[in-house]
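Text of input_3.txt (compact mmCIF, C-alpha atoms) as supplied:
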```txt
# COMPACT_ATOMS: atom_id res chain seq x y z
CA MET Z 4 69.41 -65.99 236.02
CA PRO Z 5 68.29 -69.64 236.33
CA SER Z 6 65.41 -70.36 238.64
CA ALA Z 7 65.85 -72.22 241.94
CA GLN Z 8 64.29 -75.28 240.34
CA SER Z 9 66.88 -75.50 237.56
CA ALA Z 10 70.08 -77.48 237.85
CA LEU Z 11 72.80 -75.84 239.95
CA ARG Z 12 76.51 -75.95 239.45
CA VAL Z 13 78.99 -77.49 241.87
CA LEU Z 14 82.61 -77.03 240.87
CA GLY Z 15 81.67 -77.06 237.20
CA PHE Z 16 79.23 -79.97 237.05
CA ALA Z 17 75.48 -80.15 237.42
CA VAL Z 18 73.81 -81.25 240.67
CA PRO Z 19 70.14 -81.37 241.73
CA ALA Z 20 68.59 -78.12 242.89
CA LEU Z 21 68.35 -77.38 246.61
CA LEU Z 22 65.21 -78.95 248.04
CA ALA Z 23 62.47 -77.74 250.41
CA ALA Z 24 58.70 -77.83 251.04
CA ALA Z 25 56.10 -75.07 250.94
CA ALA Z 26 55.88 -72.39 253.65
CA PRO Z 27 55.46 -68.60 253.94
CA ALA Z 28 58.40 -66.16 253.73
CA ALA Z 29 60.05 -64.79 256.86
CA ALA Z 30 58.88 -61.18 257.24
CA ALA Z 31 60.18 -58.11 259.06
CA GLY Z 32 57.61 -55.30 258.80
CA SER Z 33 57.04 -54.33 255.17
CA TRP Z 34 59.70 -56.61 253.67
CA SER Z 35 60.43 -60.35 253.72
CA VAL Z 36 62.95 -62.97 252.64
CA ALA Z 37 62.46 -66.45 251.20
CA PRO Z 38 64.15 -68.97 248.93
CA SER Z 39 63.67 -67.89 245.32
CA GLY Z 40 61.18 -69.71 243.14
CA GLY Z 41 58.47 -69.86 245.81
CA GLY Z 42 57.15 -72.79 247.81
CA ARG Z 43 60.27 -73.36 249.92
CA PRO Z 44 60.58 -72.52 253.61
CA SER Z 45 64.29 -73.23 253.83
CA PHE Z 46 67.38 -74.22 251.87
CA TYR Z 47 68.80 -77.73 251.72
CA ALA Z 48 72.30 -78.29 250.32
CA GLU Z 49 74.28 -81.51 249.96
CA GLY Z 50 77.80 -82.08 248.73
CA ALA Z 51 81.20 -83.58 249.37
CA PRO Z 52 83.89 -81.69 251.33
CA GLY Z 53 85.24 -78.83 249.21
CA SER Z 54 82.08 -78.47 247.09
CA VAL Z 55 80.62 -75.05 246.36
CA LEU Z 56 76.80 -74.98 246.16
CA GLN Z 57 74.72 -72.14 244.70
CA ASP Z 58 71.18 -70.88 245.23
CA THR Z 59 69.27 -67.60 245.39
CA LEU Z 60 67.58 -65.64 248.19
CA SER Z 61 64.62 -63.37 247.36
CA VAL Z 62 64.12 -60.10 249.26
CA THR Z 63 60.61 -58.67 248.70
CA ASN Z 64 59.80 -55.04 249.55
CA ARG Z 65 56.05 -54.41 249.78
CA ALA Z 66 56.41 -50.83 251.06
CA GLY Z 67 56.05 -47.63 249.04
CA HIS Z 68 59.68 -46.64 249.69
CA PRO Z 69 63.05 -48.34 249.14
CA VAL Z 70 64.57 -50.55 251.82
CA THR Z 71 68.20 -51.60 252.30
CA VAL Z 72 69.07 -54.86 254.02
CA ARG Z 73 72.37 -56.40 255.03
CA LEU Z 74 72.71 -60.14 254.38
CA SER Z 75 74.80 -62.57 256.41
CA GLY Z 76 74.92 -66.24 257.36
CA THR Z 77 75.52 -68.25 260.52
CA GLY Z 78 76.41 -71.89 261.10
CA VAL Z 79 77.55 -72.62 257.53
CA PRO Z 80 80.05 -70.82 255.23
CA VAL Z 81 77.84 -68.48 253.15
CA VAL Z 82 78.95 -65.79 250.67
CA PHE Z 83 76.39 -63.46 249.05
CA ALA Z 84 76.86 -61.83 245.64
CA ALA Z 85 75.96 -58.52 247.36
CA PRO Z 86 75.96 -58.37 251.17
CA ASP Z 87 74.09 -55.01 251.14
CA VAL Z 88 71.00 -54.90 248.94
CA ARG Z 89 68.79 -51.87 248.16
CA VAL Z 90 65.32 -52.99 247.09
CA PRO Z 91 63.08 -50.37 245.41
CA ALA Z 92 59.46 -49.91 246.48
CA ARG Z 93 57.12 -52.80 245.64
CA THR Z 94 59.99 -54.77 244.14
CA ARG Z 95 61.69 -58.13 244.67
CA ALA Z 96 65.46 -58.57 244.52
CA ASP Z 97 66.97 -62.01 243.90
CA VAL Z 98 70.42 -62.33 245.48
CA PRO Z 99 72.66 -65.30 244.53
CA PHE Z 100 74.81 -66.88 247.22
CA THR Z 101 77.15 -69.82 247.66
CA VAL Z 102 77.54 -72.35 250.45
CA THR Z 103 80.96 -73.97 250.68
CA VAL Z 104 81.30 -77.41 252.23
CA PRO Z 105 84.44 -77.15 254.38
CA ALA Z 106 87.37 -79.26 253.19
CA GLY Z 107 87.89 -82.16 255.55
CA ALA Z 108 84.43 -81.81 257.10
CA ALA Z 109 83.05 -84.98 258.65
CA PRO Z 110 79.91 -86.46 257.06
CA GLY Z 111 76.61 -85.40 258.62
CA ASP Z 112 74.16 -82.50 258.86
CA ARG Z 113 75.10 -78.91 259.71
CA PRO Z 114 72.34 -76.38 260.44
CA GLY Z 115 72.70 -72.74 259.47
CA THR Z 116 70.72 -69.55 258.97
CA LEU Z 117 70.57 -66.75 256.41
CA VAL Z 118 69.93 -63.41 258.13
CA ALA Z 119 68.63 -60.14 256.63
CA GLU Z 120 68.65 -56.94 258.71
CA ASP Z 121 67.40 -53.46 257.77
CA ALA Z 122 68.60 -50.05 258.97
CA ASP Z 123 66.09 -50.08 261.85
CA GLY Z 124 67.46 -53.35 263.24
CA ARG Z 125 64.54 -55.51 262.11
CA THR Z 126 65.59 -58.96 260.99
CA ALA Z 127 64.22 -61.92 259.04
CA THR Z 128 65.82 -65.33 258.72
CA VAL Z 129 65.72 -68.43 256.51
CA ARG Z 130 67.06 -71.78 257.68
CA VAL Z 131 69.79 -73.69 255.81
CA ARG Z 132 70.58 -77.37 256.27
CA LEU Z 133 73.90 -78.50 254.84
CA ARG Z 134 74.53 -82.22 254.53
CA VAL Z 135 78.15 -83.23 254.13
CA GLY Z 136 78.47 -86.37 252.05
CA GLY Z 137 80.60 -89.36 253.00
CA PRO Z 138 80.40 -92.60 254.99
CA ALA Z 139 78.47 -92.56 258.25
CA LEU Z 140 80.61 -93.63 261.21
CA THR Z 141 79.33 -94.31 264.74
CA ALA Z 142 81.70 -94.10 267.70
CA LEU Z 143 80.94 -93.43 271.37
CA THR Z 144 83.19 -93.32 274.44
CA VAL Z 145 82.55 -93.17 278.20
CA GLU Z 146 85.11 -91.03 280.03
CA HIS Z 147 85.96 -89.58 283.46
CA VAL Z 148 83.80 -91.90 285.56
CA SER Z 149 83.78 -90.83 289.23
CA VAL Z 150 81.74 -91.45 292.37
CA HIS Z 151 80.83 -88.55 294.64
CA GLY Z 152 78.57 -89.50 297.54
CA ASP Z 153 75.22 -90.51 296.11
CA ARG Z 154 76.01 -89.78 292.44
CA ILE Z 155 78.08 -91.40 289.71
CA GLY Z 156 79.47 -88.81 287.31
CA TYR Z 157 80.69 -89.47 283.78
CA GLU Z 158 81.10 -87.96 280.30
CA LEU Z 159 79.87 -89.25 276.95
CA VAL Z 160 81.76 -88.28 273.78
CA ASN Z 161 80.49 -88.73 270.23
CA ARG Z 162 83.61 -89.54 268.21
CA GLY Z 163 81.73 -90.47 265.03
CA THR Z 164 79.97 -88.61 262.23
CA THR Z 165 76.32 -89.28 263.08
CA VAL Z 166 73.97 -87.97 265.76
CA LEU Z 167 73.69 -90.48 268.63
CA VAL Z 168 70.94 -91.17 271.16
CA PRO Z 169 72.83 -93.29 273.70
CA GLN Z 170 71.69 -95.93 276.16
CA LEU Z 171 73.42 -96.52 279.50
CA ALA Z 172 73.75 -99.57 281.76
CA VAL Z 173 75.18 -99.26 285.29
CA HIS Z 174 76.75 -102.01 287.39
CA ALA Z 175 78.45 -101.86 290.81
CA GLU Z 176 79.98 -104.81 292.64
CA GLY Z 177 81.06 -104.87 296.27
CA VAL Z 178 84.14 -106.34 297.92
CA LEU Z 179 82.53 -109.74 298.47
CA GLY Z 180 81.38 -110.02 294.88
CA ARG Z 181 77.77 -109.10 295.53
CA ASP Z 182 75.89 -106.83 293.13
CA LEU Z 183 75.16 -103.49 294.75
CA LEU Z 184 73.74 -101.84 291.63
CA ASP Z 185 72.55 -103.40 288.39
CA ARG Z 186 70.59 -101.10 286.08
CA ALA Z 187 69.56 -102.42 282.69
CA PRO Z 188 70.29 -100.28 279.59
CA ARG Z 189 67.94 -97.31 279.25
CA THR Z 190 67.79 -94.50 276.71
CA LEU Z 191 69.25 -91.22 277.96
CA PRO Z 192 67.43 -87.92 277.29
CA VAL Z 193 70.29 -86.51 275.20
CA ARG Z 194 71.21 -86.24 271.52
CA LEU Z 195 74.95 -86.15 270.88
CA ALA Z 196 76.04 -84.28 267.77
CA PRO Z 197 79.23 -85.47 266.04
CA GLY Z 198 82.25 -84.36 268.04
CA SER Z 199 80.22 -83.25 271.05
CA ARG Z 200 80.86 -84.06 274.71
CA THR Z 201 78.34 -83.98 277.57
CA GLU Z 202 78.63 -84.39 281.35
CA LEU Z 203 75.99 -86.55 283.03
CA SER Z 204 75.43 -88.31 286.35
CA GLU Z 205 73.52 -91.27 287.76
CA PRO Z 206 71.84 -91.14 291.20
CA TRP Z 207 72.92 -93.73 293.77
CA PRO Z 208 71.03 -92.87 296.97
CA ASP Z 209 71.37 -96.36 298.50
CA HIS Z 210 75.12 -96.77 298.11
CA PRO Z 211 76.87 -98.83 300.83
CA ALA Z 212 78.14 -97.20 304.00
CA LEU Z 213 81.33 -99.30 304.12
CA ASP Z 214 82.67 -101.16 301.11
CA ALA Z 215 85.18 -101.12 298.27
CA VAL Z 216 83.17 -101.01 295.06
CA ASP Z 217 83.89 -101.53 291.37
CA VAL Z 218 81.60 -99.30 289.26
CA ARG Z 219 81.20 -99.89 285.52
CA LEU Z 220 79.17 -97.90 282.98
CA THR Z 221 78.36 -99.29 279.54
CA ALA Z 222 77.06 -96.94 276.81
CA THR Z 223 75.62 -98.10 273.49
CA ALA Z 224 73.95 -96.44 270.50
CA ALA Z 225 72.50 -97.38 267.13
CA GLY Z 226 75.03 -98.40 264.50
CA GLY Z 227 77.16 -100.51 266.83
CA ALA Z 228 78.58 -97.75 269.03
CA HIS Z 229 79.69 -99.28 272.34
CA ASP Z 230 82.07 -98.45 275.19
CA THR Z 231 82.62 -99.41 278.83
CA ALA Z 232 84.52 -97.52 281.52
CA GLY Z 233 84.61 -97.58 285.29
CA THR Z 234 86.19 -96.56 288.54
CA ARG Z 235 86.83 -97.92 292.04
CA ALA Z 236 85.26 -96.26 295.07
CA ARG Z 237 85.91 -96.88 298.78
CA PHE Z 238 83.04 -95.96 301.08
CA VAL Z 239 83.75 -95.18 304.75
CA PRO Z 240 81.13 -93.87 307.25
CA ARG Z 241 81.79 -90.34 308.45
CA GLY Z 242 81.51 -91.44 312.07
CA ALA Z 243 84.06 -94.15 311.52
CA VAL Z 244 86.52 -91.63 310.12
CA ALA Z 245 86.01 -89.24 313.04
CA GLY Z 246 85.93 -91.80 315.90
CA ALA Z 247 87.85 -94.81 314.66
CA ALA Z 248 90.12 -93.75 311.87
CA GLY Z 249 92.58 -96.55 312.50
CA ALA Z 250 89.97 -99.30 312.43
CA SER Z 251 88.34 -97.84 309.35
CA ALA Z 252 91.66 -97.69 307.55
CA VAL Z 253 92.27 -101.34 308.36
CA ALA Z 254 88.79 -102.28 307.17
CA VAL Z 255 89.27 -100.40 303.92
CA ALA Z 256 92.71 -101.95 303.42
CA VAL Z 257 91.25 -105.43 303.92
CA ALA Z 258 88.43 -104.61 301.51
CA VAL Z 259 90.77 -103.34 298.83
CA THR Z 260 93.01 -106.39 299.25
CA ALA Z 261 89.97 -108.63 298.81
CA VAL Z 262 89.01 -106.76 295.64
CA ARG Z 263 92.49 -107.21 294.23
CA LEU Z 264 92.57 -110.91 295.10
CA ARG Z 265 89.13 -111.39 293.56
CA ALA Z 266 90.22 -109.55 290.40
CA ARG Z 267 93.38 -111.66 290.18
CA ARG Z 268 91.37 -114.88 290.46
CA ARG Z 269 89.14 -113.66 287.62
CA GLY Z 270 92.06 -112.77 285.43
CA ARG Z 271 91.25 -109.04 285.53
CA VAL Z 272 94.54 -107.79 286.95
CA SER Z 273 95.70 -106.80 283.46
CA GLU Z 274 92.51 -104.74 282.94
CA PRO Z 275 92.59 -101.98 285.58
CA LEU Z 276 89.67 -99.65 286.03
CA SER Z 277 90.02 -96.15 284.62
CA GLU Z 278 90.07 -94.18 287.87
CA GLU Z 279 89.94 -94.66 291.64
CA ALA Z 280 87.92 -92.61 294.10
CA GLU Z 281 89.11 -92.62 297.72
CA LEU Z 282 86.83 -92.42 300.76
CA THR Z 283 83.83 -91.46 298.63
CA GLY Z 284 81.01 -90.18 300.78
CA ALA Z 285 83.29 -89.77 303.81
CA ALA Z 286 85.16 -86.87 305.37
CA ARG Z 287 88.34 -86.08 303.46
```
Taking this structure as input, can you express it in the form of structure tokens?
Amino acid sequence: MPSAQSALRVLGFAVPALLAAAAPAAAAGSWSVAPSGGGRPSFYAEGAPGSVLQDTLSVTNRAGHPVTVRLSGTGVPVVFAAPDVRVPARTRADVPFTVTVPAGAAPGDRPGTLVAEDADGRTATVRVRLRVGGPALTALTVEHVSVHGDRIGYELVNRGTTVLVPQLAVHAEGVLGRDLLDRAPRTLPVRLAPGSRTELSEPWPDHPALDAVDVRLTATAAGGAHDTAGTRARFVPRGAVAGAAGASAVAVAVAVTAVRLRARRRGRVSEPLSEEAELTGAAR
């Protein structure tokens, strides 16, 4: 059997061996698992969608009696030559396996794990990192913007093939055109994997008590990812709703009319905001 440092075969043609750096084997009592050939803490595989990559896992039994382990994989498509392996005392068994890059998979990294478990339930693992080849695409969208009292909720969606660390800028403009909120872009404490979606919110403790507000969020990320979305919120004091509902309704109507007139003057009538929140922060 070729060593882990020899050339591997991918669909009939040679590719570089799987790569890794030195580290000890993962142990479970008297036995352990590690990439074959020594000096590798984990497996690294790279190929185009549909490729089949090969390597070998070593199971070392240091005990004075045989041990049987069951092999499996998580996170990436792994198939072992023998899923159940009996290793004699003070012996090492080298088990070939394949990793298949899913057809149609988007470019990027996919983490996985090889797992060995003995009859007593003890386990040992080895990490696998599969890199799917192809062009790197960056795409980010802002969705479902809403205002609820003193918070602005929204969702960020990674629609590309690379991991994104987004930045967010927040802007809110009142009925008379004055800036109520203007936060410069800042890096968010999230990492968006390709295809992932996350719900976030921005605090707004000093929002107006009475106003009709346009809120816009702009998200950016490395590689040119960029998107803007917003909503319209109408703030009405709780006391005004309870004691002077008619006057409040008139005030809100006037405010909304002013917003629409202002938008028409700016040529923004053909670009409506994504959502509208009514009586935000007031009694429903």
**Prompt:** For Ala66 in chain Z, which of Z:Thr126, Z:Thr94, Z:Ser45, Z:Thr201 is the closest residue, counting all atoms listed in the file?
**Reply:**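 Between Z:Thr126, Z:Thr94, Z:Ser45, Z:Thr201, the residue approaching Ala66 in chain Z most closely is Z:Thr94.
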List the neighbours of Thr77 in chain Z out to 8 Å using all atoms listed in the file; skip same-chain residues closer than 3 positions along the sequence, and give me the result as a compact mmCIF listing (two decimals) with C-alpha atoms, in the coordinates of the input.
```txt
# COMPACT_ATOMS: atom_id res chain seq x y z
CA PRO Z 80 80.05 -70.82 255.23
CA VAL Z 81 77.84 -68.48 253.15
CA GLY Z 115 72.70 -72.74 259.47
CA THR Z 116 70.72 -69.55 258.97
CA LEU Z 117 70.57 -66.75 256.41
CA VAL Z 118 69.93 -63.41 258.13
```
**Request:** Take the point (74.5, -97.7, 296.0) as written in the file and pick out every residue within 12 Å of it, counting only C-alpha atoms; give the list as an MDAnalysis selection string.
**Result:** chainID Z and resid 150:155 173:177 181:186 205:218 236:238 283:284
Can I get the selected residues back with C-alpha atoms, as a PDB file, keeping the file's coordinate frame?
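Saved file selection.pdb follows:
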```
ATOM      1  CA  VAL Z 150      81.740 -91.450 292.370  1.00  0.00           C
ATOM      2  CA  HIS Z 151      80.830 -88.550 294.640  1.00  0.00           C
ATOM      3  CA  GLY Z 152      78.570 -89.500 297.540  1.00  0.00           C
ATOM      4  CA  ASP Z 153      75.220 -90.510 296.110  1.00  0.00           C
ATOM      5  CA  ARG Z 154      76.010 -89.780 292.440  1.00  0.00           C
ATOM      6  CA  ILE Z 155      78.080 -91.400 289.710  1.00  0.00           C
ATOM      7  CA  VAL Z 173      75.180 -99.260 285.290  1.00  0.00           C
ATOM      8  CA  HIS Z 174      76.750-102.010 287.390  1.00  0.00           C
ATOM      9  CA  ALA Z 175      78.450-101.860 290.810  1.00  0.00           C
ATOM     10  CA  GLU Z 176      79.980-104.810 292.640  1.00  0.00           C
ATOM     11  CA  GLY Z 177      81.060-104.870 296.270  1.00  0.00           C
ATOM     12  CA  ARG Z 181      77.770-109.100 295.530  1.00  0.00           C
ATOM     13  CA  ASP Z 182      75.890-106.830 293.130  1.00  0.00           C
ATOM     14  CA  LEU Z 183      75.160-103.490 294.750  1.00  0.00           C
ATOM     15  CA  LEU Z 184      73.740-101.840 291.630  1.00  0.00           C
ATOM     16  CA  ASP Z 185      72.550-103.400 288.390  1.00  0.00           C
ATOM     17  CA  ARG Z 186      70.590-101.100 286.080  1.00  0.00           C
ATOM     18  CA  GLU Z 205      73.520 -91.270 287.760  1.00  0.00           C
ATOM     19  CA  PRO Z 206      71.840 -91.140 291.200  1.00  0.00           C
ATOM     20  CA  TRP Z 207      72.920 -93.730 293.770  1.00  0.00           C
ATOM     21  CA  PRO Z 208      71.030 -92.870 296.970  1.00  0.00           C
ATOM     22  CA  ASP Z 209      71.370 -96.360 298.500  1.00  0.00           C
ATOM     23  CA  HIS Z 210      75.120 -96.770 298.110  1.00  0.00           C
ATOM     24  CA  PRO Z 211      76.870 -98.830 300.830  1.00  0.00           C
ATOM     25  CA  ALA Z 212      78.140 -97.200 304.000  1.00  0.00           C
ATOM     26  CA  LEU Z 213      81.330 -99.300 304.120  1.00  0.00           C
ATOM     27  CA  ASP Z 214      82.670-101.160 301.110  1.00  0.00           C
ATOM     28  CA  ALA Z 215      85.180-101.120 298.270  1.00  0.00           C
ATOM     29  CA  VAL Z 216      83.170-101.010 295.060  1.00  0.00           C
ATOM     30  CA  ASP Z 217      83.890-101.530 291.370  1.00  0.00           C
ATOM     31  CA  VAL Z 218      81.600 -99.300 289.260  1.00  0.00           C
ATOM     32  CA  ALA Z 236      85.260 -96.260 295.070  1.00  0.00           C
ATOM     33  CA  ARG Z 237      85.910 -96.880 298.780  1.00  0.00           C
ATOM     34  CA  PHE Z 238      83.040 -95.960 301.080  1.00  0.00           C
ATOM     35  CA  THR Z 283      83.830 -91.460 298.630  1.00  0.00           C
ATOM     36  CA  GLY Z 284      81.010 -90.180 300.780  1.00  0.00           C
TER      37      GLY Z 284
END
```
Which neighbours of Leu191 in chain Z fall inside 8 Å, counting only C-alpha atoms, when residues of the same chain fewer than 2 positions from it are skipped, and could you give them as a short mmCIF file (atom, residue, chain, number, x, y, z; two decimals) with C-alpha atoms, in the coordinates of the input?
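What ended up in out-v9.cif:
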```cif
data_model
loop_
_atom_site.label_atom_id
_atom_site.label_comp_id
_atom_site.auth_asym_id
_atom_site.auth_seq_id
_atom_site.Cartn_x
_atom_site.Cartn_y
_atom_site.Cartn_z
CA VAL Z 168 70.94 -91.17 271.16
CA PRO Z 169 72.83 -93.29 273.70
CA GLN Z 170 71.69 -95.93 276.16
CA LEU Z 171 73.42 -96.52 279.50
CA ARG Z 189 67.94 -97.31 279.25
CA VAL Z 193 70.29 -86.51 275.20
#
```
**Asked** In terms of the shortest atom-to-atom distance over only C-alpha atoms, which of Z:Thr141, Z:Gln57, Z:Ser75, Z:Ser204 is closest to Thr103 in chain Z?
**Response** Z:Gln57
**Prompt:** Hey, which of Z:Pro86, Z:Thr59, Z:Val148, Z:Ala51 ends up closest to Gly107 in chain Z? Count all atoms listed in the file.
**Reply:**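 Of Z:Pro86, Z:Thr59, Z:Val148, Z:Ala51, the one nearest Gly107 in chain Z is Z:Ala51, counting all atoms listed in the file.
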Show me the residues close to (81.2, -88.1, 256.3) - anything with an atom within 12 Å, counting only C-alpha atoms - and format the list as a PDB file with C-alpha atoms, in the frame of the given file.
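Final output, saved to selection.pdb:
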```pdb
ATOM      1  CA  GLU Z  49      74.280 -81.510 249.960  1.00  0.00           C
ATOM      2  CA  GLY Z  50      77.800 -82.080 248.730  1.00  0.00           C
ATOM      3  CA  ALA Z  51      81.200 -83.580 249.370  1.00  0.00           C
ATOM      4  CA  PRO Z  52      83.890 -81.690 251.330  1.00  0.00           C
ATOM      5  CA  VAL Z 104      81.300 -77.410 252.230  1.00  0.00           C
ATOM      6  CA  PRO Z 105      84.440 -77.150 254.380  1.00  0.00           C
ATOM      7  CA  ALA Z 106      87.370 -79.260 253.190  1.00  0.00           C
ATOM      8  CA  GLY Z 107      87.890 -82.160 255.550  1.00  0.00           C
ATOM      9  CA  ALA Z 108      84.430 -81.810 257.100  1.00  0.00           C
ATOM     10  CA  ALA Z 109      83.050 -84.980 258.650  1.00  0.00           C
ATOM     11  CA  PRO Z 110      79.910 -86.460 257.060  1.00  0.00           C
ATOM     12  CA  GLY Z 111      76.610 -85.400 258.620  1.00  0.00           C
ATOM     13  CA  ASP Z 112      74.160 -82.500 258.860  1.00  0.00           C
ATOM     14  CA  ARG Z 113      75.100 -78.910 259.710  1.00  0.00           C
ATOM     15  CA  ARG Z 134      74.530 -82.220 254.530  1.00  0.00           C
ATOM     16  CA  VAL Z 135      78.150 -83.230 254.130  1.00  0.00           C
ATOM     17  CA  GLY Z 136      78.470 -86.370 252.050  1.00  0.00           C
ATOM     18  CA  GLY Z 137      80.600 -89.360 253.000  1.00  0.00           C
ATOM     19  CA  PRO Z 138      80.400 -92.600 254.990  1.00  0.00           C
ATOM     20  CA  ALA Z 139      78.470 -92.560 258.250  1.00  0.00           C
ATOM     21  CA  LEU Z 140      80.610 -93.630 261.210  1.00  0.00           C
ATOM     22  CA  THR Z 141      79.330 -94.310 264.740  1.00  0.00           C
ATOM     23  CA  GLY Z 163      81.730 -90.470 265.030  1.00  0.00           C
ATOM     24  CA  THR Z 164      79.970 -88.610 262.230  1.00  0.00           C
ATOM     25  CA  THR Z 165      76.320 -89.280 263.080  1.00  0.00           C
ATOM     26  CA  VAL Z 166      73.970 -87.970 265.760  1.00  0.00           C
ATOM     27  CA  PRO Z 197      79.230 -85.470 266.040  1.00  0.00           C
TER      28      PRO Z 197
END
```
**Closest of Z:Val102, Z:Leu220, Z:Val129, Z:Leu167 to Ala232 in chain Z - atom-to-atom distances counting all atoms listed in the file** = Z:Leu220
